[in-house]
$ cat model.txt   # compact mmCIF, C-alpha atoms and all ligand atoms
# COMPACT_ATOMS: atom_id res chain seq x y z
CA MET I 1 131.44 68.94 94.67
CA THR I 2 131.50 65.13 94.59
CA GLY I 3 129.01 62.70 96.12
CA GLN I 4 125.57 63.51 97.48
CA LEU I 5 125.33 65.56 100.64
CA GLU I 6 123.12 64.43 103.51
CA ILE I 7 120.86 66.90 105.28
CA SER I 8 122.08 65.62 108.68
CA GLN I 9 125.64 66.61 107.75
CA ILE I 10 124.53 70.10 106.68
CA GLU I 11 122.61 70.50 109.98
CA THR I 12 125.71 69.51 111.92
CA ASP I 13 127.89 71.92 109.92
CA LEU I 14 125.46 74.75 110.60
CA GLY I 15 124.86 73.86 114.25
CA ILE I 16 121.09 73.29 113.94
CA ASN I 17 119.80 71.73 117.15
CA THR I 18 116.26 70.33 116.93
CA LYS I 19 116.51 69.09 120.54
CA ALA I 20 116.69 72.71 121.68
CA ALA I 21 113.28 73.42 120.09
CA ILE I 22 111.40 72.21 123.16
CA ILE I 23 107.69 72.41 123.98
CA GLU I 24 106.81 74.65 126.92
CA GLN I 25 103.56 75.06 128.81
CA ILE I 26 102.22 78.60 128.89
CA GLN I 27 100.77 80.32 131.93
CA HIS I 28 98.18 83.02 131.38
CA PRO I 29 95.11 84.04 133.39
CA VAL I 30 92.89 83.80 130.27
CA LEU I 31 93.84 80.12 129.90
CA ASP I 32 92.97 79.38 133.55
CA GLU I 33 89.66 81.21 133.28
CA HIS I 34 88.55 79.23 130.22
CA GLY I 35 90.13 75.88 131.01
CA ILE I 36 92.27 75.92 127.86
CA HIS I 37 95.76 74.44 127.55
CA LEU I 38 98.45 76.16 125.54
CA HIS I 39 101.98 74.98 124.82
CA ILE I 40 104.56 76.65 122.62
CA LYS I 41 106.90 74.74 120.33
CA ARG I 42 110.07 76.78 120.63
CA ASP I 43 111.31 76.57 117.06
CA ASP I 44 112.93 79.94 117.73
CA LEU I 45 115.57 77.94 119.63
CA LEU I 46 116.60 75.75 116.68
CA HIS I 47 119.63 77.94 116.02
CA PRO I 48 120.78 81.39 117.19
CA VAL I 49 120.50 82.82 113.64
CA ILE I 50 118.67 80.38 111.34
CA SER I 51 115.73 80.13 113.68
CA GLY I 52 112.16 78.93 113.43
CA ASN I 53 110.47 78.31 110.14
CA LYS I 54 113.46 79.76 108.24
CA TRP I 55 115.50 76.57 108.57
CA ARG I 56 112.49 74.32 108.18
CA LYS I 57 111.60 76.03 104.89
CA LEU I 58 115.11 76.26 103.51
CA LYS I 59 116.64 72.91 104.37
CA TYR I 60 115.47 70.73 101.48
CA THR I 61 115.69 73.57 98.98
CA LEU I 62 119.29 73.98 100.04
CA LEU I 63 119.96 70.25 99.85
CA TYR I 64 118.50 70.10 96.34
CA ALA I 65 120.52 73.12 95.21
CA LEU I 66 123.81 71.83 96.60
CA ASN I 67 123.31 68.30 95.32
CA ASN I 68 122.66 69.73 91.87
CA GLY I 69 125.90 71.64 91.77
CA HIS I 70 124.61 75.14 92.58
CA GLN I 71 127.09 77.32 94.42
CA HIS I 72 125.17 80.58 94.17
CA LEU I 73 121.76 81.13 95.75
CA VAL I 74 119.60 84.10 94.80
CA SER I 75 116.49 85.27 96.63
CA MET I 76 114.47 88.35 97.53
CA GLY I 77 112.99 90.11 100.56
CA GLY I 78 112.49 93.35 102.46
CA ALA I 79 115.10 95.29 104.42
CA TYR I 80 114.24 93.31 107.59
CA SER I 81 113.76 89.93 105.92
CA ASN I 82 114.19 86.96 108.25
CA HIS I 83 114.46 84.75 105.19
CA LEU I 84 117.39 86.63 103.64
CA HIS I 85 119.03 86.88 107.05
CA ALA I 86 119.00 83.08 107.40
CA LEU I 87 120.07 82.56 103.79
CA ALA I 88 123.03 84.94 104.05
CA TYR I 89 124.22 83.23 107.21
CA ILE I 90 123.92 79.79 105.58
CA GLY I 91 125.97 81.06 102.62
CA HIS I 92 128.60 82.45 104.96
CA LYS I 93 128.89 79.23 107.00
CA LEU I 94 128.85 76.84 104.04
CA ASN I 95 130.95 79.05 101.78
CA ILE I 96 128.25 79.47 99.12
CA LYS I 97 127.73 82.70 97.22
CA THR I 98 124.41 84.46 97.94
CA THR I 99 122.60 87.40 96.35
CA GLY I 100 119.65 89.22 97.91
CA LEU I 101 117.27 91.38 95.87
CA ILE I 102 115.99 93.97 98.32
CA ARG I 103 112.70 95.81 97.97
CA GLY I 104 112.95 99.58 97.47
CA GLU I 105 115.75 102.07 97.41
CA GLN I 106 118.92 101.64 99.38
CA PRO I 107 118.26 103.42 102.71
CA GLU I 108 120.70 105.99 104.04
CA GLN I 109 120.76 104.24 107.39
CA GLU I 110 120.77 100.50 106.80
CA SER I 111 118.87 98.13 109.09
CA HIS I 112 120.66 95.66 111.38
CA THR I 113 119.42 92.99 109.00
CA LEU I 114 121.03 94.57 105.94
CA SER I 115 124.29 95.13 107.74
CA ASP I 116 124.35 91.44 108.76
CA LEU I 117 123.69 90.43 105.15
CA ARG I 118 126.70 92.45 104.03
CA LYS I 119 128.84 91.14 106.89
CA TRP I 120 128.05 87.58 105.76
CA GLY I 121 129.02 88.35 102.19
CA MET I 122 125.62 88.50 100.51
CA THR I 123 125.59 90.65 97.38
CA LEU I 124 122.74 93.14 97.74
CA GLU I 125 120.80 94.59 94.84
CA PHE I 126 118.07 97.12 95.55
CA VAL I 127 115.09 96.82 93.20
CA SER I 128 112.15 99.16 92.71
CA ARG I 129 108.84 98.25 94.29
CA SER I 130 107.29 97.53 90.89
CA GLU I 131 110.17 95.30 89.89
CA PHE I 132 109.88 93.56 93.24
CA ARG I 133 106.19 92.86 92.62
CA GLU I 134 107.14 91.24 89.30
CA LEU I 135 109.89 89.15 90.93
CA ARG I 136 107.40 87.95 93.53
CA LYS I 137 105.55 86.06 90.81
CA ASN I 138 108.49 83.69 90.39
CA ARG I 139 107.34 81.12 92.90
CA GLU I 140 109.33 78.17 91.63
CA HIS I 141 112.28 77.86 89.28
CA ASN I 142 112.75 80.45 86.66
CA ASP I 143 115.25 79.84 83.89
CA LYS I 144 115.39 83.48 82.87
CA LEU I 145 116.18 84.68 86.38
CA GLU I 146 118.66 81.88 86.96
CA LYS I 147 120.45 82.85 83.76
CA LYS I 148 120.36 86.56 84.61
CA TYR I 149 121.88 86.06 88.06
CA ALA I 150 123.84 82.90 87.25
CA GLY I 151 122.44 81.35 90.43
CA TYR I 152 119.75 79.10 91.86
CA TRP I 153 116.48 80.98 92.43
CA ILE I 154 114.69 80.69 95.78
CA PRO I 155 111.35 82.52 95.87
CA GLU I 156 110.46 85.10 98.52
CA GLY I 157 110.21 83.57 101.99
CA GLY I 158 111.51 80.24 100.68
CA ALA I 159 107.99 79.32 99.54
CA THR I 160 108.73 76.15 97.57
CA GLN I 161 107.38 72.60 97.54
CA TYR I 162 110.61 71.57 99.28
CA ALA I 163 109.67 73.88 102.14
CA LEU I 164 106.58 71.81 102.91
CA ARG I 165 108.71 68.74 103.60
CA GLY I 166 110.96 70.62 106.02
CA ILE I 167 108.01 72.20 107.83
CA SER I 168 106.20 68.89 108.22
CA GLU I 169 109.11 67.62 110.33
CA ILE I 170 107.92 69.90 113.15
CA LEU I 171 105.05 67.44 113.68
CA LYS I 172 107.44 64.56 114.39
CA GLU I 173 108.93 66.56 117.25
CA ILE I 174 105.59 67.08 119.02
CA ASP I 175 105.07 64.30 121.53
CA ILE I 176 102.09 65.64 123.47
CA GLU I 177 98.40 65.57 122.59
CA TYR I 178 96.73 68.57 120.96
CA ASP I 179 93.61 69.59 119.09
CA THR I 180 94.86 72.65 117.22
CA LEU I 181 98.17 74.09 116.05
CA ALA I 182 98.34 77.89 115.90
CA LEU I 183 100.88 79.92 113.96
CA ALA I 184 101.53 83.22 112.25
CA CYS I 185 101.18 83.44 108.46
CA GLY I 186 102.93 85.54 105.84
CA THR I 187 102.92 83.58 102.58
CA GLY I 188 101.13 80.65 104.24
CA THR I 189 103.85 78.16 103.28
CA THR I 190 104.47 77.12 106.88
CA LEU I 191 100.77 76.48 107.43
CA ALA I 192 100.61 74.44 104.21
CA GLY I 193 103.57 72.31 105.34
CA LEU I 194 101.86 71.50 108.63
CA VAL I 195 98.43 70.83 107.27
CA LYS I 196 99.74 68.61 104.48
CA THR I 197 100.75 65.88 106.94
CA LEU I 198 98.45 66.58 109.89
CA PRO I 199 95.68 64.01 110.52
CA SER I 200 92.24 65.40 109.63
CA THR I 201 91.16 65.06 113.29
CA GLN I 202 93.45 67.96 114.20
CA ARG I 203 93.34 71.51 112.87
CA VAL I 204 95.68 74.37 112.05
CA LEU I 205 94.68 77.94 112.83
CA GLY I 206 96.78 80.63 111.13
CA PHE I 207 96.89 84.33 111.97
CA SER I 208 97.68 86.61 109.06
CA SER I 209 100.30 89.27 109.73
CA LEU I 210 99.19 91.11 106.62
CA LYS I 211 96.21 93.31 106.01
CA GLY I 212 94.23 92.25 102.96
CA GLY I 213 96.09 88.96 102.77
CA GLY I 214 93.18 87.17 101.08
CA PHE I 215 95.61 85.82 98.48
CA ILE I 216 97.17 83.63 101.18
CA GLU I 217 94.28 81.16 101.16
CA LYS I 218 94.54 80.78 97.39
CA ASP I 219 98.30 80.31 97.57
CA ILE I 220 97.95 77.68 100.31
CA LYS I 221 95.46 75.73 98.20
CA LYS I 222 97.89 75.89 95.28
CA LEU I 223 100.74 74.61 97.47
CA LEU I 224 98.60 71.82 98.91
CA LYS I 225 97.39 70.72 95.48
CA LYS I 226 94.50 68.83 97.15
CA LYS I 227 91.05 70.31 97.65
CA SER I 228 90.17 67.62 100.17
CA ILE I 229 92.39 69.14 102.87
CA THR I 230 90.08 71.40 104.84
CA ASN I 231 91.26 71.18 108.46
CA TRP I 232 92.74 74.66 108.46
CA SER I 233 91.64 78.29 108.56
CA ILE I 234 93.18 81.73 108.71
CA ASN I 235 92.09 84.55 110.96
CA PHE I 236 92.56 88.03 109.43
CA ASP I 237 91.52 90.11 112.45
CA TYR I 238 94.87 90.59 114.20
CA HIS I 239 97.15 92.33 111.68
CA PHE I 240 97.08 95.56 113.76
CA GLY I 241 96.84 97.78 110.69
CA GLY I 242 99.17 95.82 108.41
CA PHE I 243 102.53 94.15 108.11
CA ALA I 244 104.97 95.35 110.79
CA LYS I 245 102.36 97.76 112.22
CA THR I 246 101.91 97.69 115.98
CA ASN I 247 100.01 99.52 118.69
CA ASP I 248 100.28 99.98 122.46
CA ASP I 249 97.90 97.09 123.21
CA LEU I 250 100.08 94.66 121.28
CA LEU I 251 103.33 95.91 122.80
CA PHE I 252 101.85 95.83 126.31
CA PHE I 253 100.57 92.29 125.76
CA MET I 254 103.99 91.16 124.54
CA GLU I 255 105.80 92.64 127.49
CA GLU I 256 103.44 91.01 129.96
CA PHE I 257 103.60 87.66 128.16
CA GLN I 258 107.37 87.74 128.00
CA SER I 259 107.74 88.49 131.68
CA GLN I 260 105.22 85.78 132.68
CA ASN I 261 106.65 83.06 130.46
CA ASN I 262 110.21 84.12 129.73
CA ILE I 263 109.70 83.63 125.99
CA PRO I 264 110.90 86.41 123.68
CA LEU I 265 108.43 87.62 121.04
CA GLU I 266 108.49 90.06 118.13
CA PRO I 267 105.44 92.08 117.11
CA ILE I 268 105.50 91.21 113.41
CA TYR I 269 104.46 87.56 113.52
CA ASN I 270 104.47 85.71 116.85
CA GLY I 271 103.30 88.59 119.07
CA LYS I 272 100.25 89.14 116.87
CA MET I 273 99.48 85.43 116.68
CA LEU I 274 99.53 84.96 120.47
CA PHE I 275 97.54 88.16 121.05
CA GLY I 276 94.93 86.90 118.58
CA LEU I 277 94.80 83.39 120.01
CA LEU I 278 94.35 84.56 123.60
CA ASP I 279 91.75 87.08 122.48
CA LEU I 280 89.69 84.37 120.76
CA ILE I 281 89.99 82.19 123.87
CA LYS I 282 88.83 85.17 125.96
CA GLU I 283 85.77 85.46 123.70
CA GLY I 284 84.90 81.87 124.57
CA ARG I 285 85.40 80.49 121.05
CA PHE I 286 86.86 77.17 122.24
CA LYS I 287 85.49 74.47 124.49
CA LYS I 288 86.93 73.86 127.94
CA GLY I 289 89.82 71.40 127.74
CA HIS I 290 90.86 72.40 124.18
CA GLN I 291 94.60 71.88 123.71
CA PHE I 292 96.63 74.25 121.58
CA ILE I 293 100.21 74.17 120.47
CA ALA I 294 101.48 77.46 119.08
CA ILE I 295 104.54 77.28 116.85
CA HIS I 296 107.10 79.97 117.65
CA THR I 297 108.49 80.74 114.21
CA GLY I 298 111.44 82.83 115.43
CA GLY I 299 112.12 86.10 113.61
CA LEU I 300 113.53 87.93 116.62
CA GLN I 301 116.37 89.39 114.57
CA GLY I 302 113.93 91.63 112.69
CA TYR I 303 113.01 93.41 115.93
CA ARG I 304 116.39 94.71 117.02
CA LYS I 305 116.63 98.35 118.02
C1 LIG I 401 109.25 84.81 111.99
C2 LIG I 401 108.29 84.45 110.93
N1 LIG I 401 107.13 83.90 111.28
C3 LIG I 401 106.21 83.57 110.35
C4 LIG I 401 106.43 83.79 109.01
C5 LIG I 401 105.37 83.43 108.03
O1 LIG I 401 105.70 82.26 107.36
P1 LIG I 401 105.00 81.90 105.99
O2 LIG I 401 105.47 82.90 104.99
O3 LIG I 401 105.49 80.53 105.69
O4 LIG I 401 103.55 81.97 106.21
C6 LIG I 401 107.64 84.36 108.60
C7 LIG I 401 107.94 84.57 107.17
O5 LIG I 401 108.56 83.69 106.58
C8 LIG I 401 108.59 84.71 109.58
O6 LIG I 401 109.75 85.30 109.25

$ encode --input "model.txt" --output "structure tokens" --more "lines below"
Ligand SMILES: Cc1ncc(COP(=O)(O)O)c(C=O)c1O
Amino acid sequence: MTGQLEISQIETDLGINTKAAIIEQIQHPVLDEHGIHLHIKRDDLLHPVISGNKWRKLKYTLLYALNNGHQHLVSMGGAYSNHLHALAYIGHKLNIKTTGLIRGEQPEQESHTLSDLRKWGMTLEFVSRSEFRELRKNREHNDKLEKKYAGYWIPEGGATQYALRGISEILKEIDIEYDTLALACGTGTTLAGLVKTLPSTQRVLGFSSLKGGGFIEKDIKKLLKKKSITNWSINFDYHFGGFAKTNDDLLFFMEEFQSQNNIPLEPIYNGKMLFGLLDLIKEGRFKKGHQFIAIHTGGLQGYRK
């Protein structure tokens, strides 16, 4: 490849449309009762496949990789990984080789996600759970892994320093006033990207999708590199039993919310976050007039039946 690529050109080639990621006002009786305002930033509408925080996290990692001559991207994730789904599609559209290291044994009946990865030409390698835990430790570049796979290593969930830059661009697209941003957390990278550039007069409230995700706070502090950033917190009370676990209350809430607001949700990240946020509002935790913007991080592909 000759010359340096521009991110705007890559976005055009992929069909990323930031103008589609509008901000919508939410209607809900709990909001009326407590005098709270809630908008949703529809990052799920950025692209039909590479939606939400997936593109935000990957864009500058991808730019760096391509501008440094890498034509093979290697990463890891579960059998329903939104991150691998986006990466495989990017590889397919830009004609770049991709490899996905998948947690656990190859299932007899593959998920929709895995079948899309194959359709888009990603090489799949199933790794044992213990091996996967070891791979997870490779948060930035790793010469050994890059040599082994002859490709550029992207850590699980795209959790790199480059991701923070892409995520922070969400803030530039918000042109209404707010006190607090709310979002779902897995690795916490998206939260770190927001909080890194947010003025200290505004806050970020994350909702962990994982049970026992105490490590997230430590990882966020590591990503932020600055102890002085304190305008964020994570709530651990709405994981519903653990990652990808649901119950009837959550599913009922999602159905009602979707029909009132015409916004699709999945129960792994965004459904839990909105359930948690409205529950805290119901408990009277925020003053009348408080203005929230929830970031819809996409991920709808993982919830196909
Ligand atoms: C749809 C969706 N929302 C939220 C998250 C959590 O993001 P992070 O790992 O940056 O906290 C993920 C995982 O990347 C995701 O796929």

$ residues_near_ligand --input "model.txt" --ligand "ligand LIG 401 (chain I)" --cutoff "6 Å" --atoms "only C-alpha atoms and all ligand atoms" --output "PyMOL selection string"
chain I and resi 82+157+184-190+269+297-299

$ closest_residue --input "model.txt" --among "I:Asp249, I:Lys272, I:His112, I:Arg42" --to "I:Lys19" --atoms "all atoms listed in the file"
I:Arg42

$ residues_around --input "model.txt" --residues "stretch 21-24 of chain I" --least-positions-apart "3" --cutoff "9 Å" --atoms "all atoms listed in the file" --output "PyMOL selection string"
chain I and resi 17-18+38-47+52+173-176+293

$ residues_around --input "model.txt" --residues "I:Lys59" --least-positions-apart "3" --cutoff "12 Å" --atoms "only C-alpha atoms" --output "PyMOL selection string"
chain I and resi 5-11+14+16+50-56+62-66+86-87+90+154+158-169

$ residues_around --input "model.txt" --residues "I:Thr123" --least-positions-apart "3" --cutoff "12 Å" --atoms "all atoms listed in the file" --output "JSON, numbers by chain"
{"I": [72, 73, 74, 75, 76, 84, 87, 88, 91, 92, 96, 97, 98, 99, 100, 101, 102, 114, 115, 116, 117, 118, 119, 120, 126, 149]}

$ axis_aligned_box --input "model.txt" --around "stretch 228-245 of chain I" --padding-each-side "8 Å" --output "JSON"
{"center_x": 97.5, "center_y": 82.7, "center_z": 107.2, "size_x": 30.9, "size_y": 46.2, "size_z": 30.0}

$ atom_distance --input "model.txt" --atom1 "atom CA of I:Phe207" --atom2 "atom CA of I:Lys225"
21.4 Å

$ residues_around --input "model.txt" --residues "I:Asp179" --least-positions-apart "4" --cutoff "8 Å" --atoms "only C-alpha atoms" --output "PDB file with C-alpha atoms, in the frame of the given file"
ATOM      1  CA  THR I 201      91.160  65.060 113.290  1.00  0.00           C
ATOM      2  CA  GLN I 202      93.450  67.960 114.200  1.00  0.00           C
ATOM      3  CA  ARG I 203      93.340  71.510 112.870  1.00  0.00           C
ATOM      4  CA  HIS I 290      90.860  72.400 124.180  1.00  0.00           C
ATOM      5  CA  GLN I 291      94.600  71.880 123.710  1.00  0.00           C
ATOM      6  CA  PHE I 292      96.630  74.250 121.580  1.00  0.00           C
TER       7      PHE I 292
END

$ residues_around --input "model.txt" --residues "I:Gly302" --least-positions-apart "4" --cutoff "10 Å" --atoms "only C-alpha atoms" --output "JSON, numbers by chain"
{"I": [79, 80, 81, 82, 85, 111, 112, 113, 244, 266, 267, 268, 298]}

$ write_last_selection --input "model.txt" --atoms "C-alpha atoms" --output "mmCIF file, in the coordinates of the input"
data_model
loop_
_atom_site.group_PDB
_atom_site.id
_atom_site.type_symbol
_atom_site.label_atom_id
_atom_site.label_comp_id
_atom_site.auth_asym_id
_atom_site.auth_seq_id
_atom_site.Cartn_x
_atom_site.Cartn_y
_atom_site.Cartn_z
ATOM 1 C CA ALA I 79 115.100 95.290 104.420
ATOM 2 C CA TYR I 80 114.240 93.310 107.590
ATOM 3 C CA SER I 81 113.760 89.930 105.920
ATOM 4 C CA ASN I 82 114.190 86.960 108.250
ATOM 5 C CA HIS I 85 119.030 86.880 107.050
ATOM 6 C CA SER I 111 118.870 98.130 109.090
ATOM 7 C CA HIS I 112 120.660 95.660 111.380
ATOM 8 C CA THR I 113 119.420 92.990 109.000
ATOM 9 C CA ALA I 244 104.970 95.350 110.790
ATOM 10 C CA GLU I 266 108.490 90.060 118.130
ATOM 11 C CA PRO I 267 105.440 92.080 117.110
ATOM 12 C CA ILE I 268 105.500 91.210 113.410
ATOM 13 C CA GLY I 298 111.440 82.830 115.430
#

$ closest_residue --input "model.txt" --among "I:Lys211, I:Lys288, I:His34, I:Lys222" --to "I:Gly241" --atoms "all atoms listed in the file"
I:Lys211

$ closest_residue --input "model.txt" --among "I:Lys282, I:Lys287, I:Lys226, I:His83" --to "I:Glu33" --atoms "only C-alpha atoms"
I:Lys282
